[in-house]
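Take a look at the structure below.
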Amino acid sequence: MSVAEQPMPRARMLGRTKAAWVIFALAALLPAFAALTNDPFLTVIGTRILAFAIAAMALDLILGYGAMVSFGHAAYIGFGAYSVAILSRYGITDISLHILAAMAVSAVFATITGAISIRTRGIYFIMITLAFGQMAYFFFVSLSAFGGDDGTTLADRSTFFGTRFLESDLSLYYVTLAILIGLFLLASRLVMSRFGRVLTGTRENMTRMEAVGFRPFRYQLTAFVISGCMTSIAGVILANQAEFISPAFMSWHISGELIVMVVLGGIGNLTGAIGGAVIALLLEEIIGIFTHHWKLYFGIILILVVLYSPGGVSGLVERIRGPRK
């Protein structure tokens with residue numbers, strides 16, 4: 001059986017899927033908990049966490065399954081955010097159109113930059129994606145009409161099929177959760193398909209995949225474009241959540257944070273990427289309550305995870321649960 005035809009053990013796949021639904025169920029209960037504790041800000045934080053979970057999951061699609069360590073993925077968050085600002089400025093306010101525009105721009109950018117980047121390997125791929133990401137960053141810094149480096153405040157949130165449904169933090173939260181669930185189902189279907197197995201096989205042994213008749217470049221580029229489009233949706237959500245956009249959305253620091261989320265949750269595990277985003281941002285909020293130096297303690301936690309659980313938090317959970325047949 002070829003690498004592309006070897007499926008993940010069914011029990012492990014079901015276990016990861018169940019874990020994802022547990023996360024989604026807990027996320028659905030967060031607004032109720034916020035109401036009980038009389039802390040509506042929890043819903044705002046939750047929306048930000050879910051948006052970054054989308055971005056981390058999208059990055060894991062190419063990092064975990066295609067071994068493409070993109071250090072410029074925050075550019076797509078920026079494309080999503082600026083799609084909201086630019087289209088709203090010209091009277092186009094519906095979130096569905098904002099998402100379509102963000103995905104269209106991201107698809108073009110990812111196709112062009114991916115076609116160049118994927119021809120490189122290792123550190124060269126990392127650096128070239130960083131370079132393209134910084135090019136996008138400085139392009140938006142130069143847009144003085146939208147505040148340049150300082151950014152700009154949105155007049156209103158996106159409309160939802162002509163209504164102001166998203167003006168409510170609660171509505172925006174549940175729409176974001178629904179989008180995350182939909183994209184998770186799509187990504188799961190993708191990685192378990194023949195396309196996903198070829199992509200994984202390319203990660204394991206590109207020469208062998210070429211020998212059995214596949215063209216890895218096409219699969220990698222397609223995954224790169226899909227990942228960029230998915231990440232841009234997170235940018236649309238973050239712009240609406242913050243009601244503010246700036247080039248800071250697409251800085252290389254954000255790209256680094258996305259990689260950290262994937263590593264923390266578990267590389268090559270969509271559920272792990274979602275969990276990694278949740279854990280990383282919760283740690284930021286919780287540790288930040290006690291000290292301004294939360295990054296120091298977060299770094300220590302990350303080092304411990306990398307040293308003692310290379311599979312991330314999800315790998316640790318799977319080891320505790322024991323082997324599954």
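Ordering of the structure tokens sets the chain letters (A, B, ...), residue numbers begin anew at 1 in every chain, and ligands are numbered from 1 in the order given.
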**Message:** With DSSP run on the backbone, what are the helix (DSSP H, G or I) residues within stretch 137-173 of chain A? I'd like them as a PyMOL selection string.
**Reply:** chain A and resi 137-141+144-146+148-150+165-167+169-173
Shell around A:Leu270 at 9 Å using only C-alpha atoms, local window under 3 positions removed, as a PDB file with N, CA, C and O atoms, in the first residue's frame:
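Saved as around01.pdb:
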ATOM      1  N   ARG A  16     -10.078  12.056  17.905  1.00  0.00           N
ATOM      2  CA  ARG A  16      -9.795  13.470  17.650  1.00  0.00           C
ATOM      3  C   ARG A  16     -11.068  14.227  17.283  1.00  0.00           C
ATOM      4  O   ARG A  16     -11.253  15.378  17.688  1.00  0.00           O
ATOM      5  N   ALA A  20     -12.796  17.359  19.300  1.00  0.00           N
ATOM      6  CA  ALA A  20     -13.178  18.630  18.672  1.00  0.00           C
ATOM      7  C   ALA A  20     -14.609  19.002  19.046  1.00  0.00           C
ATOM      8  O   ALA A  20     -14.896  20.164  19.371  1.00  0.00           O
ATOM      9  N   ALA A  56      -5.290  29.098  13.090  1.00  0.00           N
ATOM     10  CA  ALA A  56      -4.345  28.037  13.463  1.00  0.00           C
ATOM     11  C   ALA A  56      -4.665  26.735  12.743  1.00  0.00           C
ATOM     12  O   ALA A  56      -3.761  26.029  12.278  1.00  0.00           O
ATOM     13  N   MET A  57      -5.940  26.413  12.644  1.00  0.00           N
ATOM     14  CA  MET A  57      -6.343  25.202  11.931  1.00  0.00           C
ATOM     15  C   MET A  57      -5.958  25.288  10.456  1.00  0.00           C
ATOM     16  O   MET A  57      -5.476  24.308   9.861  1.00  0.00           O
ATOM     17  N   ALA A  58      -6.144  26.461   9.865  1.00  0.00           N
ATOM     18  CA  ALA A  58      -5.782  26.659   8.462  1.00  0.00           C
ATOM     19  C   ALA A  58      -4.279  26.502   8.265  1.00  0.00           C
ATOM     20  O   ALA A  58      -3.831  25.889   7.287  1.00  0.00           O
ATOM     21  N   ASP A  60      -2.263  24.731  10.149  1.00  0.00           N
ATOM     22  CA  ASP A  60      -1.900  23.327  10.365  1.00  0.00           C
ATOM     23  C   ASP A  60      -2.165  22.485   9.123  1.00  0.00           C
ATOM     24  O   ASP A  60      -1.528  21.444   8.914  1.00  0.00           O
ATOM     25  N   LEU A  61      -3.091  22.925   8.303  1.00  0.00           N
ATOM     26  CA  LEU A  61      -3.384  22.194   7.073  1.00  0.00           C
ATOM     27  C   LEU A  61      -2.157  22.088   6.183  1.00  0.00           C
ATOM     28  O   LEU A  61      -1.928  21.063   5.538  1.00  0.00           O
ATOM     29  N   GLY A  64       1.194  20.969   9.253  1.00  0.00           N
ATOM     30  CA  GLY A  64       1.129  19.626   9.796  1.00  0.00           C
ATOM     31  C   GLY A  64       0.994  18.540   8.760  1.00  0.00           C
ATOM     32  O   GLY A  64       1.513  17.430   8.932  1.00  0.00           O
ATOM     33  N   PHE A 184     -13.950  23.286  10.104  1.00  0.00           N
ATOM     34  CA  PHE A 184     -13.361  22.066  10.654  1.00  0.00           C
ATOM     35  C   PHE A 184     -13.864  20.831   9.908  1.00  0.00           C
ATOM     36  O   PHE A 184     -13.073  19.938   9.566  1.00  0.00           O
ATOM     37  N   ALA A 187     -12.167  20.871   6.480  1.00  0.00           N
ATOM     38  CA  ALA A 187     -10.751  20.517   6.559  1.00  0.00           C
ATOM     39  C   ALA A 187     -10.570  19.042   6.900  1.00  0.00           C
ATOM     40  O   ALA A 187      -9.679  18.372   6.362  1.00  0.00           O
ATOM     41  N   SER A 188     -11.418  18.517   7.788  1.00  0.00           N
ATOM     42  CA  SER A 188     -11.332  17.096   8.156  1.00  0.00           C
ATOM     43  C   SER A 188     -11.621  16.212   6.951  1.00  0.00           C
ATOM     44  O   SER A 188     -10.930  15.216   6.721  1.00  0.00           O
ATOM     45  N   VAL A 262      -0.091  26.083  16.865  1.00  0.00           N
ATOM     46  CA  VAL A 262      -0.094  24.769  16.228  1.00  0.00           C
ATOM     47  C   VAL A 262       0.846  23.819  16.964  1.00  0.00           C
ATOM     48  O   VAL A 262       0.498  22.660  17.237  1.00  0.00           O
ATOM     49  N   GLY A 265      -0.656  22.854  20.401  1.00  0.00           N
ATOM     50  CA  GLY A 265      -1.768  21.910  20.322  1.00  0.00           C
ATOM     51  C   GLY A 265      -1.383  20.568  19.757  1.00  0.00           C
ATOM     52  O   GLY A 265      -1.904  19.530  20.177  1.00  0.00           O
ATOM     53  N   GLY A 266      -0.455  20.565  18.799  1.00  0.00           N
ATOM     54  CA  GLY A 266      -0.038  19.322  18.171  1.00  0.00           C
ATOM     55  C   GLY A 266      -0.041  19.442  16.664  1.00  0.00           C
ATOM     56  O   GLY A 266      -1.101  19.636  16.057  1.00  0.00           O
ATOM     57  N   ILE A 267       1.135  19.333  16.061  1.00  0.00           N
ATOM     58  CA  ILE A 267       1.263  19.471  14.616  1.00  0.00           C
ATOM     59  C   ILE A 267       0.636  18.275  13.908  1.00  0.00           C
ATOM     60  O   ILE A 267       0.786  17.127  14.338  1.00  0.00           O
ATOM     61  N   ALA A 273      -4.741  21.873  16.698  1.00  0.00           N
ATOM     62  CA  ALA A 273      -4.529  23.273  16.335  1.00  0.00           C
ATOM     63  C   ALA A 273      -5.588  24.166  16.964  1.00  0.00           C
ATOM     64  O   ALA A 273      -5.288  25.252  17.476  1.00  0.00           O
ATOM     65  N   ILE A 274      -6.832  23.703  16.952  1.00  0.00           N
ATOM     66  CA  ILE A 274      -7.915  24.466  17.588  1.00  0.00           C
ATOM     67  C   ILE A 274      -7.670  24.556  19.093  1.00  0.00           C
ATOM     68  O   ILE A 274      -7.756  25.635  19.692  1.00  0.00           O
ATOM     69  N   GLY A 275      -7.341  23.407  19.695  1.00  0.00           N
ATOM     70  CA  GLY A 275      -7.060  23.398  21.125  1.00  0.00           C
ATOM     71  C   GLY A 275      -5.860  24.246  21.474  1.00  0.00           C
ATOM     72  O   GLY A 275      -5.837  24.921  22.519  1.00  0.00           O
TER      73      GLY A 275
END
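Residues in contact with stretch 296-306 of chain A at 10 Å, where only C-alpha atoms are counted and same-chain residues fewer than 6 positions away are skipped, are listed as A:Val260, A:Met261, A:Val263, A:Leu264, A:Gly265, A:Gly266, A:Ala280, A:Leu283, A:Glu284, A:Ile287, A:Gly288, A:Gly312, A:Val313, A:Gly315, A:Leu316.
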With only C-alpha atoms as the counted atoms, please give the residues lying no more than 9 Å from stretch 142-156 of chain A, apart from itself and same-chain residues fewer than 2 positions off, as a compact mmCIF listing (two decimals) with N, CA and C atoms, in the first residue's frame.
# COMPACT_ATOMS: atom_id res chain seq x y z
N TYR A 82 -8.78 43.97 6.07
CA TYR A 82 -8.87 45.13 5.18
C TYR A 82 -10.00 45.00 4.16
N VAL A 84 -12.93 44.04 4.95
CA VAL A 84 -14.05 44.64 5.67
C VAL A 84 -13.97 46.16 5.60
N ALA A 85 -12.79 46.71 5.90
CA ALA A 85 -12.64 48.16 5.94
C ALA A 85 -12.83 48.81 4.57
N ILE A 86 -12.19 48.24 3.55
CA ILE A 86 -12.22 48.86 2.23
C ILE A 86 -13.61 48.76 1.60
N SER A 88 -16.48 48.30 3.13
CA SER A 88 -17.44 49.09 3.91
C SER A 88 -17.33 50.57 3.57
N ARG A 89 -16.12 51.03 3.30
CA ARG A 89 -15.90 52.44 2.93
C ARG A 89 -16.69 52.78 1.66
N THR A 93 -21.38 46.27 2.67
CA THR A 93 -21.27 45.99 4.10
C THR A 93 -21.58 44.54 4.50
N TYR A 137 2.56 43.44 4.42
CA TYR A 137 2.47 44.31 5.60
C TYR A 137 2.81 45.76 5.24
N PHE A 138 3.92 45.97 4.58
CA PHE A 138 4.35 47.33 4.26
C PHE A 138 3.47 47.97 3.18
N PHE A 139 2.84 47.15 2.35
CA PHE A 139 1.90 47.70 1.38
C PHE A 139 0.74 48.36 2.11
N PHE A 140 0.21 47.70 3.13
CA PHE A 140 -0.92 48.27 3.86
C PHE A 140 -0.49 49.40 4.79
N SER A 158 -19.92 44.50 10.04
CA SER A 158 -20.53 44.02 8.80
C SER A 158 -22.00 43.70 9.04
N THR A 159 -22.79 43.87 7.99
CA THR A 159 -24.19 43.46 8.09
C THR A 159 -24.29 41.97 7.78
N GLU A 167 -24.16 43.23 15.25
CA GLU A 167 -23.86 44.29 16.21
C GLU A 167 -23.83 43.74 17.63
N ALA A 239 -11.67 41.68 12.48
CA ALA A 239 -11.97 43.08 12.20
C ALA A 239 -13.31 43.47 12.81
N ASN A 240 -14.29 42.58 12.70
CA ASN A 240 -15.60 42.86 13.28
C ASN A 240 -15.58 42.80 14.80
N ALA A 242 -12.98 43.48 16.81
CA ALA A 242 -12.27 44.64 17.35
C ALA A 242 -12.85 45.96 16.87
N GLU A 243 -13.58 45.92 15.73
CA GLU A 243 -14.09 47.12 15.07
C GLU A 243 -12.95 48.09 14.78
N PHE A 244 -11.82 47.51 14.45
CA PHE A 244 -10.61 48.29 14.17
C PHE A 244 -9.69 47.42 13.32
N ILE A 245 -9.01 48.04 12.38
CA ILE A 245 -8.05 47.30 11.56
C ILE A 245 -6.75 48.11 11.47
N SER A 246 -5.64 47.38 11.36
CA SER A 246 -4.34 48.02 11.17
C SER A 246 -3.39 46.98 10.60
N PRO A 247 -2.26 47.42 10.05
CA PRO A 247 -1.28 46.46 9.53
C PRO A 247 -0.76 45.50 10.59
N ALA A 248 -0.96 45.83 11.87
CA ALA A 248 -0.50 44.94 12.95
C ALA A 248 -1.14 43.57 12.85
**Between atom CA of A:Ser171 and atom CA of A:Ala101, distance in Å (one decimal)** =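 Straight-line distance from atom CA of A:Ser171 to atom CA of A:Ala101 works out to 22.1 Å.
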Nearby residues (only C-alpha atoms) at most 12 Å from A:Leu190, same-chain spacing under 3 positions excluded, as a PDB file with C-alpha atoms, in the first residue's frame:
ATOM      1  CA  ALA A  58      -5.782  26.659   8.462  1.00  0.00           C
ATOM      2  CA  LEU A  61      -3.384  22.194   7.073  1.00  0.00           C
ATOM      3  CA  ILE A  62      -0.110  23.082   5.341  1.00  0.00           C
ATOM      4  CA  TYR A  65       0.040  17.803   6.657  1.00  0.00           C
ATOM      5  CA  LEU A 183     -14.402  24.878   8.308  1.00  0.00           C
ATOM      6  CA  PHE A 184     -13.361  22.066  10.654  1.00  0.00           C
ATOM      7  CA  LEU A 185     -15.715  19.651   8.908  1.00  0.00           C
ATOM      8  CA  LEU A 186     -14.417  20.812   5.528  1.00  0.00           C
ATOM      9  CA  ALA A 187     -10.751  20.517   6.559  1.00  0.00           C
ATOM     10  CA  SER A 193      -9.581  12.309   1.275  1.00  0.00           C
ATOM     11  CA  ARG A 194      -7.163  11.071  -1.353  1.00  0.00           C
ATOM     12  CA  PHE A 195      -5.935  14.650  -1.693  1.00  0.00           C
ATOM     13  CA  GLY A 196      -5.065  14.760   2.002  1.00  0.00           C
ATOM     14  CA  ARG A 197      -3.290  11.406   1.913  1.00  0.00           C
ATOM     15  CA  VAL A 198      -1.189  12.522  -1.047  1.00  0.00           C
ATOM     16  CA  LEU A 199      -0.341  15.730   0.803  1.00  0.00           C
ATOM     17  CA  THR A 200       0.671  13.736   3.882  1.00  0.00           C
ATOM     18  CA  TYR A 219      -1.144  19.285  -4.199  1.00  0.00           C
ATOM     19  CA  THR A 222      -3.669  23.776  -3.765  1.00  0.00           C
ATOM     20  CA  ALA A 223      -3.359  23.232  -0.008  1.00  0.00           C
ATOM     21  CA  ILE A 226      -6.999  26.731   0.580  1.00  0.00           C
ATOM     22  CA  SER A 227      -5.140  27.509   3.802  1.00  0.00           C
ATOM     23  CA  LEU A 270      -6.690  19.819  13.263  1.00  0.00           C
TER      24      LEU A 270
END
**Prompt:** Using only C-alpha atoms, which residues sit within 12 Å of A:Val175 once same-chain residues fewer than 3 positions away are excluded, as number ranges by chain?
**Reply:** A: 28, 46-47, 50-51, 95-96, 160, 165-172, 178-182, 233-234, 236-237, 240-241
**Item:** Atom-to-atom span, atom CA of A:Pro310 and atom CA of A:Asn269, Å
**Value:** 12.5 Å
**Between atom CA of A:Gly122 and atom CA of A:Glu318, distance in Å (one decimal)** =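 Taking atom CA of A:Gly122 and atom CA of A:Glu318, their separation equals 28.8 Å.
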**Asked** Out of A:Leu42, A:Ala74, A:Ala19, A:Ala211, which residue has the shortest atom-to-atom distance to A:Gly256 when counting only C-alpha atoms?
**Response** A:Ala74
**Prompt:** Restricting the calculation to only C-alpha atoms, which member of A:Gly228, A:Gly162, A:Phe132, A:Gly66 is positioned closest to A:Ala102?
**Reply:**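 Counting only C-alpha atoms, the residue closest to A:Ala102 is A:Gly228.
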